[in-house]
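**Student:** Input file: structure_7.txt. Contents: compact mmCIF, C-alpha atoms.
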```
# COMPACT_ATOMS: atom_id res chain seq x y z
CA LYS C 12 -4.84 -13.19 -28.93
CA PRO C 13 -2.91 -10.79 -26.66
CA ASP C 14 -1.50 -7.55 -28.01
CA LEU C 15 2.20 -8.44 -28.04
CA THR C 16 3.18 -4.77 -28.06
CA ARG C 17 1.75 -4.62 -24.49
CA PHE C 18 2.15 -8.19 -23.22
CA PHE C 19 5.78 -9.31 -23.30
CA PRO C 20 8.36 -10.60 -20.80
CA GLY C 21 9.59 -7.88 -18.47
CA ASP C 22 13.07 -7.14 -17.24
CA PRO C 23 13.57 -9.26 -14.08
CA ALA C 24 15.55 -6.39 -12.54
CA ARG C 25 12.32 -4.32 -12.52
CA LYS C 26 10.35 -6.85 -10.44
CA PRO C 27 11.00 -5.16 -7.08
CA GLU C 28 9.90 -1.77 -8.47
CA LEU C 29 6.75 -3.27 -10.02
CA ARG C 30 5.89 -5.09 -6.81
CA GLN C 31 6.32 -1.88 -4.82
CA ARG C 32 3.93 -0.11 -7.22
CA PHE C 33 1.25 -2.71 -6.40
CA GLY C 34 2.06 -2.79 -2.65
CA LEU C 35 3.35 -6.37 -2.88
CA PRO C 36 6.27 -7.90 -0.96
CA LYS C 37 9.59 -7.62 -2.79
CA ASN C 38 11.00 -11.06 -1.99
CA ALA C 39 7.90 -13.25 -2.09
CA GLU C 40 7.20 -16.15 -4.41
CA LEU C 41 4.37 -14.27 -6.10
CA ILE C 42 1.32 -16.05 -7.50
CA VAL C 43 -0.84 -13.78 -9.68
CA THR C 44 -4.49 -14.42 -10.56
CA ALA C 45 -7.28 -12.34 -12.05
CA GLY C 46 -11.04 -12.42 -12.30
CA THR C 47 -14.27 -10.83 -11.18
CA ASN C 48 -16.37 -13.88 -10.33
CA PHE C 49 -14.15 -15.19 -7.55
CA ARG C 50 -16.17 -18.34 -6.92
CA LEU C 51 -16.10 -19.36 -10.59
CA LYS C 52 -12.37 -18.59 -10.77
CA GLY C 53 -11.68 -20.84 -7.78
CA ILE C 54 -10.07 -18.16 -5.60
CA HIS C 55 -11.27 -20.02 -2.46
CA VAL C 56 -9.38 -23.14 -3.60
CA LEU C 57 -6.32 -21.04 -4.48
CA ILE C 58 -6.33 -19.59 -0.94
CA ARG C 59 -6.50 -23.15 0.45
CA ALA C 60 -3.56 -24.10 -1.81
CA LEU C 61 -1.62 -21.06 -0.54
CA ALA C 62 -2.04 -22.38 3.01
CA GLU C 63 -0.23 -25.57 1.90
CA LEU C 64 2.70 -23.62 0.45
CA PRO C 65 5.67 -22.18 2.36
CA ALA C 66 5.26 -18.76 4.00
CA SER C 67 7.36 -17.16 1.23
CA PHE C 68 4.43 -17.63 -1.20
CA HIS C 69 1.99 -14.74 -1.61
CA LEU C 70 -1.12 -14.36 -3.76
CA ALA C 71 -2.01 -11.20 -5.71
CA VAL C 72 -5.64 -11.12 -6.87
CA ALA C 73 -6.54 -8.60 -9.60
CA GLY C 74 -10.16 -7.75 -10.28
CA GLY C 75 -11.84 -7.38 -6.92
CA ARG C 76 -11.45 -6.18 -3.37
CA GLY C 77 -12.09 -9.49 -1.73
CA SER C 78 -15.28 -10.69 -0.17
CA ARG C 79 -15.80 -11.11 3.55
CA GLU C 80 -16.03 -14.85 2.90
CA LEU C 81 -12.60 -15.02 1.21
CA LEU C 82 -10.98 -12.77 3.80
CA ALA C 83 -12.45 -14.95 6.58
CA LEU C 84 -11.16 -18.08 4.84
CA ALA C 85 -7.67 -16.56 4.59
CA ASP C 86 -7.87 -15.56 8.29
CA ASN C 87 -8.99 -19.05 9.32
CA LEU C 88 -6.14 -20.65 7.36
CA GLY C 89 -3.56 -18.22 8.78
CA VAL C 90 -2.64 -16.72 5.39
CA ARG C 91 -4.47 -13.38 5.48
CA GLU C 92 -1.21 -11.38 5.39
CA ARG C 93 -0.17 -13.36 2.27
CA VAL C 94 -3.33 -12.62 0.24
CA HIS C 95 -3.41 -9.27 -1.56
CA PHE C 96 -6.69 -8.14 -3.18
CA LEU C 97 -5.68 -5.41 -5.64
CA GLY C 98 -9.06 -4.44 -7.05
CA ARG C 99 -9.19 -3.30 -10.65
CA VAL C 100 -5.72 -3.31 -12.23
CA ASP C 101 -5.36 -1.09 -15.28
CA ASP C 102 -1.79 -2.18 -16.03
CA MET C 103 -2.07 -5.96 -16.19
CA PRO C 104 1.20 -6.35 -18.17
CA ALA C 105 3.06 -4.78 -15.21
CA LEU C 106 1.31 -7.11 -12.75
CA TYR C 107 2.18 -10.18 -14.83
CA GLN C 108 5.78 -8.96 -15.02
CA ALA C 109 5.82 -8.51 -11.22
CA GLY C 110 4.73 -12.12 -10.66
CA ASP C 111 6.49 -15.48 -10.60
CA ILE C 112 3.55 -17.61 -11.78
CA PHE C 113 0.00 -17.05 -13.01
CA VAL C 114 -2.76 -19.35 -11.78
CA LEU C 115 -6.30 -19.39 -13.14
CA ASN C 116 -7.99 -22.10 -11.11
CA THR C 117 -11.28 -21.72 -12.95
CA PHE C 118 -14.27 -24.03 -12.71
CA TYR C 119 -15.33 -22.85 -16.18
CA ASP C 120 -13.90 -20.55 -18.82
CA ALA C 121 -14.45 -20.90 -22.56
CA CYS C 122 -10.96 -19.54 -23.30
CA ALA C 123 -9.45 -17.22 -20.71
CA ASN C 124 -7.47 -14.45 -22.39
CA ALA C 125 -5.59 -13.88 -19.11
CA VAL C 126 -3.80 -17.22 -19.60
CA LEU C 127 -2.57 -16.11 -23.02
CA GLU C 128 -1.54 -12.69 -21.68
CA ALA C 129 0.45 -14.27 -18.83
CA LEU C 130 2.17 -16.66 -21.25
CA ALA C 131 3.04 -13.73 -23.53
CA CYS C 132 4.61 -12.03 -20.48
CA GLY C 133 6.80 -15.09 -19.96
CA LEU C 134 5.10 -16.39 -16.81
CA PRO C 135 4.62 -20.06 -16.13
CA VAL C 136 0.86 -20.69 -15.97
CA VAL C 137 -1.29 -23.24 -14.16
CA SER C 138 -4.95 -23.56 -15.09
CA THR C 139 -7.62 -26.25 -15.16
CA SER C 140 -9.06 -28.64 -17.70
CA CYS C 141 -12.28 -26.55 -17.38
CA ASN C 142 -10.57 -23.70 -19.22
CA GLY C 143 -10.45 -23.76 -23.03
CA SER C 144 -7.12 -21.93 -23.03
CA SER C 145 -5.56 -24.86 -21.13
CA ASP C 146 -5.10 -26.31 -24.65
CA PHE C 147 -2.14 -23.91 -24.85
CA LEU C 148 -0.50 -25.43 -21.74
CA ARG C 149 1.67 -28.49 -21.23
CA PRO C 150 -0.18 -31.32 -19.43
CA GLU C 151 1.66 -30.79 -16.12
CA ALA C 152 0.31 -27.21 -16.04
CA VAL C 153 -3.33 -28.34 -16.34
CA LEU C 154 -5.16 -29.29 -13.15
CA PRO C 155 -7.89 -31.90 -13.81
CA ASP C 156 -9.96 -30.98 -10.72
CA PRO C 157 -10.24 -27.26 -9.83
CA ALA C 158 -11.47 -28.21 -6.33
CA ASP C 159 -8.19 -30.04 -5.45
CA ALA C 160 -6.20 -27.50 -3.40
CA THR C 161 -3.45 -30.01 -2.51
CA GLU C 162 -2.75 -30.86 -6.15
CA LEU C 163 -2.91 -27.17 -7.08
CA ALA C 164 -0.30 -26.37 -4.41
CA ARG C 165 1.91 -29.22 -5.69
CA ARG C 166 1.77 -27.94 -9.27
CA ILE C 167 2.46 -24.35 -8.23
CA ARG C 168 5.51 -25.48 -6.27
CA ALA C 169 6.73 -27.63 -9.17
CA LEU C 170 6.25 -25.05 -11.91
CA ILE C 171 6.83 -21.63 -10.32
CA HIS C 172 10.43 -21.12 -11.49
CA HIS C 173 10.60 -23.55 -14.41
CA GLY C 174 10.07 -21.25 -17.37
CA SER C 175 7.33 -21.56 -19.92
CA THR C 176 4.48 -23.96 -19.38
CA ALA C 177 3.18 -23.24 -22.89
CA ARG C 178 2.96 -26.11 -25.30
CA SER C 179 5.79 -25.64 -27.78
CA ASP C 180 3.40 -25.88 -30.74
CA PHE C 181 1.40 -22.92 -29.37
CA ALA C 182 4.26 -20.54 -28.52
CA PRO C 183 3.17 -16.90 -28.92
CA THR C 184 4.46 -15.24 -32.06
CA SER C 185 4.30 -11.66 -33.17
CA GLY C 186 2.24 -10.49 -36.11
```
Show the structure stored in the file as structure tokens.
**Tutor:**
Amino acid sequence: KPDLTRFFPGDPARKPELRQRFGLPKNAELIVTAGTNFRLKGIHVLIRALAELPASFHLAVAGGRGSRELLALADNLGVRERVHFLGRVDDMPALYQAGDIFVLNTFYDACANAVLEALACGLPVVSTSCNGSSDFLRPEAVLPDPADATELARRIRALIHHGSTARSDFAPTSG
């Protein structure tokens, strides 16, 4: 379970400052994701989904610098300037607080702690049925097929500004 003294909703007025700290655009619709095994975490599908979203949507990827393959994919889809590989992020609470939605499009994860951290920070979350922590999400926030970029884009668009996607019976509590 996340440390709720570190992972909590941020002040929305601080978003521009936090985004500047990470070199992210101030006025974007910001999708945040994290992981080291980019293929397993479905980053290639998330980049394809980004290409189906309006130009105001940007993707911040914590945990790696981006492979040539992913950068080439982003180039080919015309979204390279909207994909931001941040490398290792030591202050994940600040990155969650800078974002508008957290997406973990994983092909397998026993129970991704990042989903719980993002929920604790007040972000809507989209993940997949291949992730054990999707049990904490409402059904509309759980993608059945992590390879379906079109459906992922649809869910991101539908959920990005609609508050918590946590199941009400799993709401984070302190203590």
**Student:** Hey, can you check how far atom CA of C:Val114 sits from atom CA of C:Ser138?
**Tutor:**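 Spanning atom CA of C:Val114 to atom CA of C:Ser138 is a straight-line distance of 5.8 Å.
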**Student:** Work out how far apart atom CA of C:Phe96 and atom CA of C:Leu57 are and give it in Å to one decimal.
**Tutor:**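 Value for the atom CA of C:Phe96-atom CA of C:Leu57 distance: 13.0 Å.
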**Student:** Which value, in Å to one decimal, gives the distance between atom CA of C:Val90 and atom CA of C:Glu63?
**Tutor:**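 Computed distance, atom CA of C:Val90 to atom CA of C:Glu63, equals 9.8 Å.
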**Student:** Using only C-alpha atoms, which protein or nucleic acid residues come within 12 Å of C:Ser78? Drop anything in the same chain fewer than 3 positions from it, and give the result as a ChimeraX atom specification.
**Tutor:** /C:47-50,54-55,72,74-75,81-85,96,98
**Student:** Counting all atoms listed in the file, what is within 12 Å of C:Ala158, bar same-chain residues fewer than 5 positions away, as a ChimeraX atom specification?
**Tutor:** /C:50-60,116-119,138-141,163-164
**Student:** Up to 10 Å from (5.6, -6.7, -17.3) in the file's coordinates: name the residues, counting all atoms listed in the file, as a list of chain:residue names.
**Tutor:** C:Arg17, C:Phe18, C:Phe19, C:Pro20, C:Gly21, C:Asp22, C:Pro23, C:Arg25, C:Lys26, C:Leu29, C:Asp102, C:Met103, C:Pro104, C:Ala105, C:Leu106, C:Tyr107, C:Gln108, C:Ala109, C:Gly110, C:Ala129, C:Ala131, C:Cys132, C:Gly133, C:Leu134
**Student:** Which residues, protein or nucleic acid, reach to within 12 Å of (1.9, -28.0, -23.2) in the file's coordinates when using only C-alpha atoms, and can you give that as a ChimeraX atom specification?
**Tutor:** /C:130,135-138,144-153,175-182
**Student:** Considering all atoms listed in the file, return as a PyMOL selection string whatever protein or nucleic-acid residues lie within 10 Å of C:Leu97, sequence-local ones (same chain, fewer than 2 positions apart) excluded.
**Tutor:** chain C and resi 33-35+45+71-77+94-95+99-100
**Student:** Under the rule that all atoms listed in the file are counted, which of C:Leu41, C:Ala121, C:Pro155, C:Glu162 is the nearest residue to C:Gly143?
**Tutor:**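 For C:Gly143, the nearest of the given residues is C:Ala121.
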**Student:** Restricting the calculation to only C-alpha atoms: of C:Gly46, C:Asn87, C:Val126, C:Gln31, which residue gets closest to C:Ile112?
**Tutor:**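 Answer, going by the shortest atom-to-atom distance: C:Val126.
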**Student:** Give the answer as one residue: which of C:Ile42, C:Asn142, C:Asn124, C:Asp156 has the shortest atom-to-atom distance to C:Arg168, using only C-alpha atoms?
**Tutor:**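 Among C:Ile42, C:Asn142, C:Asn124, C:Asp156, it is C:Ile42 that comes nearest to C:Arg168.
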**Student:** When you count only C-alpha atoms, which of these residues is closest to C:Ser67: C:Asp86, C:Pro27, C:Arg32, C:Asp111?
**Tutor:**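 With only C-alpha atoms as the atom set, the closest residue is C:Asp111.
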**Student:** Considering all atoms listed in the file, can you say which of C:Asp159, C:Glu40, C:Glu28, C:Glu128 comes closest to C:Ile171?
**Tutor:**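 With all atoms listed in the file as the atom set, the closest residue is C:Glu40.
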